[in-house]
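Some notes on the structure that comes next.
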Amino acid sequence: MLAMTIPASTANLGPGFDSIGMALDRYLHVDVERSDSWSFHCDSPGLENLGPNNLIYQAAAFTANHLETTLFPCRVSMKNDIPLSKGFGSSAAAIVAGIEIACYCADRNVSQKEKVRIGSLFEGHPDNVAPSIYGGLIVGAHRDHRTDIIHVSEPKVELVALIPPEILETKKARGILPKQLQFKQAIQTSAVSNVMTAAILADNWSLAGELMMEDLYHQPYRKHLIPHWSDVMNFVNEHRFSYGAALSGAGPTVLCFVEQGSGKRFAKEIQRRFPYYQAEVVRPATVGTALSVVQA
Ligand SMILES: Nc1ncnc2c1ncn2[C@@H]1O[C@H](COP(=O)(O)OP(=O)(O)O)[C@@H](O)[C@H]1O
Ligand SMILES: N[C@@H](CCOP(=O)(O)O)C(=O)O
């Protein structure tokens, strides 16, 4: 039997679009047992009626093909604390579960790096799968020919998530992005992203927070889907405890980056100002996917 716990993730951090991501302390728990046929069981909201060809199975089949192995049928039972389609990488956590199931069926030790490569080939970008696998914060670049990852273990920041009642499917939020960017705009945002990454690595969250709000890759095209976006950004800009804010993944959640130890107070104040949202303190998860295999 295989048991695994996979953390949620927030992707992008503004101009780190499709590249930077951080694991969060919300989890998908999965138990896998060899069986006569495939079945998926979950009582958590939105996952009660999973068919046999769901995302976990698709990722497992993709991985088996990549590893040139075959899957055996499994009974998969889950408990999920990661909100679906809110920008916390629930789909990436499911993809990681599928990758692990295939590695279990193949009885192969596959490195974390190779798992990130497989997950990025499946999803098209590494910014959710990599933090869910490694934990902490990652900076990644995925291309057809290779996927590169730098892992930073312990981000020294606290987070407050502003979660609106509606969902936003990542597919829809990607569909509204432009096909091309002006050269000047691309250079400018790339430079902002480079400095933001350096600031994160230097633990200068104050500068990182300011720069994440200067993204020109995706937030300008998605912000109209986010209620009270400008007012939230003004509140964050003016608050004494906050470094900055960004869309969590494709949204619709807005993630505020605040001083360590100030999360609860910030959450209370921003909740009072924006009752439309649910404000929750979230912490970086330093441990990635945790596995335990019990021989039957
Ligand atoms: N544990 C899971 N098992 C199977 N499918 C899942 C699981 N978690 C998420 N999904 C699938 O991923 C979808 C959400 O993906 P997406 O719109 O990309 O949002 P998110 O930002 O949460 O990743 C769900 O509607 C469901 O189809
Ligand atoms: N880089 C992707 C990240 C999507 O994250 P999700 O948690 O919303 O699925 C994007 O911005 O499209």
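In the structure tokens, each chain is lettered A, B, ... as it comes, each chain's residues begin at 1, and ligands are numbered from 1 in order of appearance.
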Could you list, as a ChimeraX atom specification, all residues that come within 8 Å of ligand 2? Count only C-alpha atoms and all ligand atoms. /A:9-12,17-19,85-92,125,127-128,168-171,173-174,218,248-252
When DSSP is applied to the backbone of this structure, which of range 74-263 of chain A are assigned helix (DSSP H, G or I)? Write them out as number ranges by chain. A: 90-106, 112-123, 129-134, 170-175, 183-201, 205-212, 219-225, 229-238, 263
Write out as a count of residues only which residues come within 8 Å of Leu291 in chain A when counting only C-alpha atoms, dropping same-chain ones fewer than 2 positions away. 6
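Distances from A:Ile163, A:Leu137, A:Ile226, A:Met213 to Thr253 in chain A were compared using only C-alpha atoms, and the smallest one belongs to A:Ile163.
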Smallest atom-to-atom distance to ligand 1: which of A:Ser39, A:Asn80, A:Gly14, A:Met1, using only C-alpha atoms and all ligand atoms? A:Asn80
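Distance-wise, CA of Ala267 in chain A and CA of Ala279 in chain A end up 5.5 Å apart.
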If we count only C-alpha atoms and set the cut-off at 7 Å, which residues sit around Val157 in chain A, ignoring sequence neighbours fewer than 5 positions away in its own chain? Please answer as a count of residues only. 4
Per-residue DSSP, range 34-214 of chain A, filtered to strand (DSSP E), as a PyMOL selection string: chain A and resi 34+39-42+74-80+137-142+147-152+158-163
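Counting only C-alpha atoms and comparing A:Phe274, A:Trp229, A:Tyr57, A:Phe122, the residue that lies closest to Ala97 in chain A is A:Tyr57.
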Who sits within 10 Å of Ala199 in chain A, only C-alpha atoms, same chain under 6 positions skipped, as an MDAnalysis selection string: chainID A and resid 193 205:209 211
Selection from above, N, CA, C and O atoms, as a PDB file, in the first residue's frame, can you write it?
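The result, stored in result11.pdb:
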```
ATOM      1  N   SER A 193      11.104  40.638 -13.108  1.00  0.00           N
ATOM      2  CA  SER A 193      11.058  39.262 -12.600  1.00  0.00           C
ATOM      3  C   SER A 193      12.437  38.812 -12.096  1.00  0.00           C
ATOM      4  O   SER A 193      12.554  38.168 -11.047  1.00  0.00           O
ATOM      5  N   TRP A 205      11.937  40.390   1.179  1.00  0.00           N
ATOM      6  CA  TRP A 205      10.531  40.254   0.788  1.00  0.00           C
ATOM      7  C   TRP A 205       9.873  41.606   0.570  1.00  0.00           C
ATOM      8  O   TRP A 205       8.848  41.711  -0.104  1.00  0.00           O
ATOM      9  N   SER A 206      10.468  42.624   1.151  1.00  0.00           N
ATOM     10  CA  SER A 206       9.909  43.959   0.976  1.00  0.00           C
ATOM     11  C   SER A 206      10.021  44.368  -0.506  1.00  0.00           C
ATOM     12  O   SER A 206       9.036  44.793  -1.131  1.00  0.00           O
ATOM     13  N   LEU A 207      11.213  44.191  -1.083  1.00  0.00           N
ATOM     14  CA  LEU A 207      11.405  44.515  -2.502  1.00  0.00           C
ATOM     15  C   LEU A 207      10.644  43.515  -3.389  1.00  0.00           C
ATOM     16  O   LEU A 207       9.994  43.901  -4.366  1.00  0.00           O
ATOM     17  N   ALA A 208      10.710  42.227  -3.018  1.00  0.00           N
ATOM     18  CA  ALA A 208      10.006  41.208  -3.813  1.00  0.00           C
ATOM     19  C   ALA A 208       8.517  41.546  -3.895  1.00  0.00           C
ATOM     20  O   ALA A 208       7.892  41.455  -4.965  1.00  0.00           O
ATOM     21  N   GLY A 209       7.947  41.970  -2.753  1.00  0.00           N
ATOM     22  CA  GLY A 209       6.520  42.299  -2.701  1.00  0.00           C
ATOM     23  C   GLY A 209       6.170  43.475  -3.600  1.00  0.00           C
ATOM     24  O   GLY A 209       5.157  43.468  -4.310  1.00  0.00           O
ATOM     25  N   LEU A 211       7.785  44.392  -6.279  1.00  0.00           N
ATOM     26  CA  LEU A 211       7.969  44.034  -7.689  1.00  0.00           C
ATOM     27  C   LEU A 211       6.885  43.081  -8.183  1.00  0.00           C
ATOM     28  O   LEU A 211       6.520  43.110  -9.363  1.00  0.00           O
TER      29      LEU A 211
END
```
Pick from A:Leu216, A:Ala245, A:Ala8, A:Ile99: nearest to Ala60 in chain A, with only C-alpha atoms counted? A:Ile99
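Taking only C-alpha atoms and all ligand atoms into account, ligand 1 lies nearest to A:Lys79 out of the set A:Asp36, A:Lys79, A:Cys74, A:Glu68.
The space between CA of His145 in chain A and CA of Gln219 in chain A spans 27.9 Å.
From CA of Asn234 in chain A back to CA of Asp25 in chain A, the distance works out to 26.9 Å.
With distances taken over only C-alpha atoms and all ligand atoms, A:Glu166 is the one residue among A:Glu158, A:Asp231, A:Glu166, A:Glu269 lying closest to ligand 1.
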Exercise: Ser35 in chain A partners within 12 Å, only C-alpha atoms, chain neighbours under 5 positions left out, as a list in words: Met1, Phe40, Leu71, Phe72, Pro73, Cys74, Arg75, Val76 and Cys105 of chain A
Next, the residues of the selection above should be written as an mmCIF file, in the first residue's frame with N, CA and C atoms.
```
data_model
loop_
_atom_site.group_PDB
_atom_site.id
_atom_site.type_symbol
_atom_site.label_atom_id
_atom_site.label_comp_id
_atom_site.auth_asym_id
_atom_site.auth_seq_id
_atom_site.Cartn_x
_atom_site.Cartn_y
_atom_site.Cartn_z
ATOM 1 N N MET A 1 0.833 -1.204 0.000
ATOM 2 C CA MET A 1 0.000 0.000 0.000
ATOM 3 C C MET A 1 0.873 1.261 0.000
ATOM 4 N N PHE A 40 -11.926 5.275 -7.516
ATOM 5 C CA PHE A 40 -11.485 6.492 -6.817
ATOM 6 C C PHE A 40 -12.560 6.887 -5.817
ATOM 7 N N LEU A 71 0.511 0.175 -15.838
ATOM 8 C CA LEU A 71 -0.131 0.358 -14.536
ATOM 9 C C LEU A 71 -0.861 -0.914 -14.168
ATOM 10 N N PHE A 72 -0.928 -1.223 -12.864
ATOM 11 C CA PHE A 72 -1.907 -2.243 -12.440
ATOM 12 C C PHE A 72 -3.085 -1.500 -11.794
ATOM 13 N N PRO A 73 -4.296 -2.102 -11.793
ATOM 14 C CA PRO A 73 -5.462 -1.391 -11.250
ATOM 15 C C PRO A 73 -5.301 -1.129 -9.746
ATOM 16 N N CYS A 74 -5.782 0.029 -9.315
ATOM 17 C CA CYS A 74 -5.648 0.415 -7.905
ATOM 18 C C CYS A 74 -6.971 0.961 -7.368
ATOM 19 N N ARG A 75 -7.130 0.799 -6.063
ATOM 20 C CA ARG A 75 -8.205 1.489 -5.333
ATOM 21 C C ARG A 75 -7.558 2.723 -4.718
ATOM 22 N N VAL A 76 -8.061 3.895 -5.084
ATOM 23 C CA VAL A 76 -7.449 5.149 -4.629
ATOM 24 C C VAL A 76 -8.446 5.864 -3.725
ATOM 25 N N CYS A 105 3.511 1.609 -9.226
ATOM 26 C CA CYS A 105 3.208 0.439 -10.074
ATOM 27 C C CYS A 105 4.491 -0.085 -10.734
#
```
Give me the residues within 12 Å of Glu100 in chain A as a ChimeraX atom specification, counting only C-alpha atoms and dropping any in the same chain fewer than 4 places off. /A:2-6,30-32,56-57,59-64,67,71,76,93-96,104-112,114-116,118-119,132-133,289-293
For the selection just defined, write its residues with C-alpha atoms to a file, as a PDB file, in the first residue's frame.
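And here is the file that came out, selection.pdb:
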```
ATOM      1  CA  LEU A   2       1.159   3.545  -0.801  1.00  0.00           C
ATOM      2  CA  ALA A   3       0.181   6.557   1.329  1.00  0.00           C
ATOM      3  CA  MET A   4       1.057  10.097   0.307  1.00  0.00           C
ATOM      4  CA  THR A   5       0.530  13.663   1.443  1.00  0.00           C
ATOM      5  CA  ILE A   6       0.957  16.364  -1.190  1.00  0.00           C
ATOM      6  CA  VAL A  30      -4.030   9.776  -0.914  1.00  0.00           C
ATOM      7  CA  ASP A  31      -4.017   6.041  -0.093  1.00  0.00           C
ATOM      8  CA  VAL A  32      -3.408   3.577  -2.913  1.00  0.00           C
ATOM      9  CA  ILE A  56      -5.038  11.454 -11.327  1.00  0.00           C
ATOM     10  CA  TYR A  57      -5.566   8.489 -13.622  1.00  0.00           C
ATOM     11  CA  ALA A  59      -1.361  11.677 -15.051  1.00  0.00           C
ATOM     12  CA  ALA A  60      -0.624   8.095 -13.956  1.00  0.00           C
ATOM     13  CA  ALA A  61      -1.188   6.783 -17.508  1.00  0.00           C
ATOM     14  CA  PHE A  62       0.984   9.586 -18.964  1.00  0.00           C
ATOM     15  CA  THR A  63       3.766   8.771 -16.486  1.00  0.00           C
ATOM     16  CA  ALA A  64       3.560   5.025 -17.147  1.00  0.00           C
ATOM     17  CA  LEU A  67       8.566   5.375 -17.955  1.00  0.00           C
ATOM     18  CA  LEU A  71      -0.131   0.358 -14.536  1.00  0.00           C
ATOM     19  CA  VAL A  76      -7.449   5.149  -4.629  1.00  0.00           C
ATOM     20  CA  ALA A  93      -1.388  18.013  -6.519  1.00  0.00           C
ATOM     21  CA  ALA A  94      -3.615  15.514  -8.370  1.00  0.00           C
ATOM     22  CA  ILE A  95      -1.010  15.254 -11.155  1.00  0.00           C
ATOM     23  CA  VAL A  96       1.719  14.565  -8.590  1.00  0.00           C
ATOM     24  CA  TYR A 104       4.598   2.734  -7.348  1.00  0.00           C
ATOM     25  CA  CYS A 105       3.208   0.439 -10.074  1.00  0.00           C
ATOM     26  CA  ALA A 106       6.604   0.438 -11.825  1.00  0.00           C
ATOM     27  CA  ASP A 107       8.364  -0.237  -8.503  1.00  0.00           C
ATOM     28  CA  ARG A 108      10.964   2.294  -9.633  1.00  0.00           C
ATOM     29  CA  ASN A 109      12.879   4.925  -7.711  1.00  0.00           C
ATOM     30  CA  VAL A 110      12.340   8.025  -9.805  1.00  0.00           C
ATOM     31  CA  SER A 111      14.193  11.184  -8.728  1.00  0.00           C
ATOM     32  CA  GLN A 112      12.319  14.341  -7.722  1.00  0.00           C
ATOM     33  CA  GLU A 114      12.520  13.481 -13.111  1.00  0.00           C
ATOM     34  CA  LYS A 115       9.076  13.699 -11.453  1.00  0.00           C
ATOM     35  CA  VAL A 116       9.114  17.475 -11.988  1.00  0.00           C
ATOM     36  CA  ILE A 118       7.150  14.479 -16.103  1.00  0.00           C
ATOM     37  CA  GLY A 119       4.708  16.788 -14.295  1.00  0.00           C
ATOM     38  CA  SER A 132       4.224  20.217  -4.533  1.00  0.00           C
ATOM     39  CA  ILE A 133       7.057  17.715  -5.058  1.00  0.00           C
ATOM     40  CA  THR A 289       5.310  15.164  -1.158  1.00  0.00           C
ATOM     41  CA  ALA A 290       5.653  12.731   1.748  1.00  0.00           C
ATOM     42  CA  LEU A 291       5.425   9.037   0.830  1.00  0.00           C
ATOM     43  CA  SER A 292       5.155   5.853   2.824  1.00  0.00           C
ATOM     44  CA  VAL A 293       5.037   2.417   1.269  1.00  0.00           C
TER      45      VAL A 293
END
```
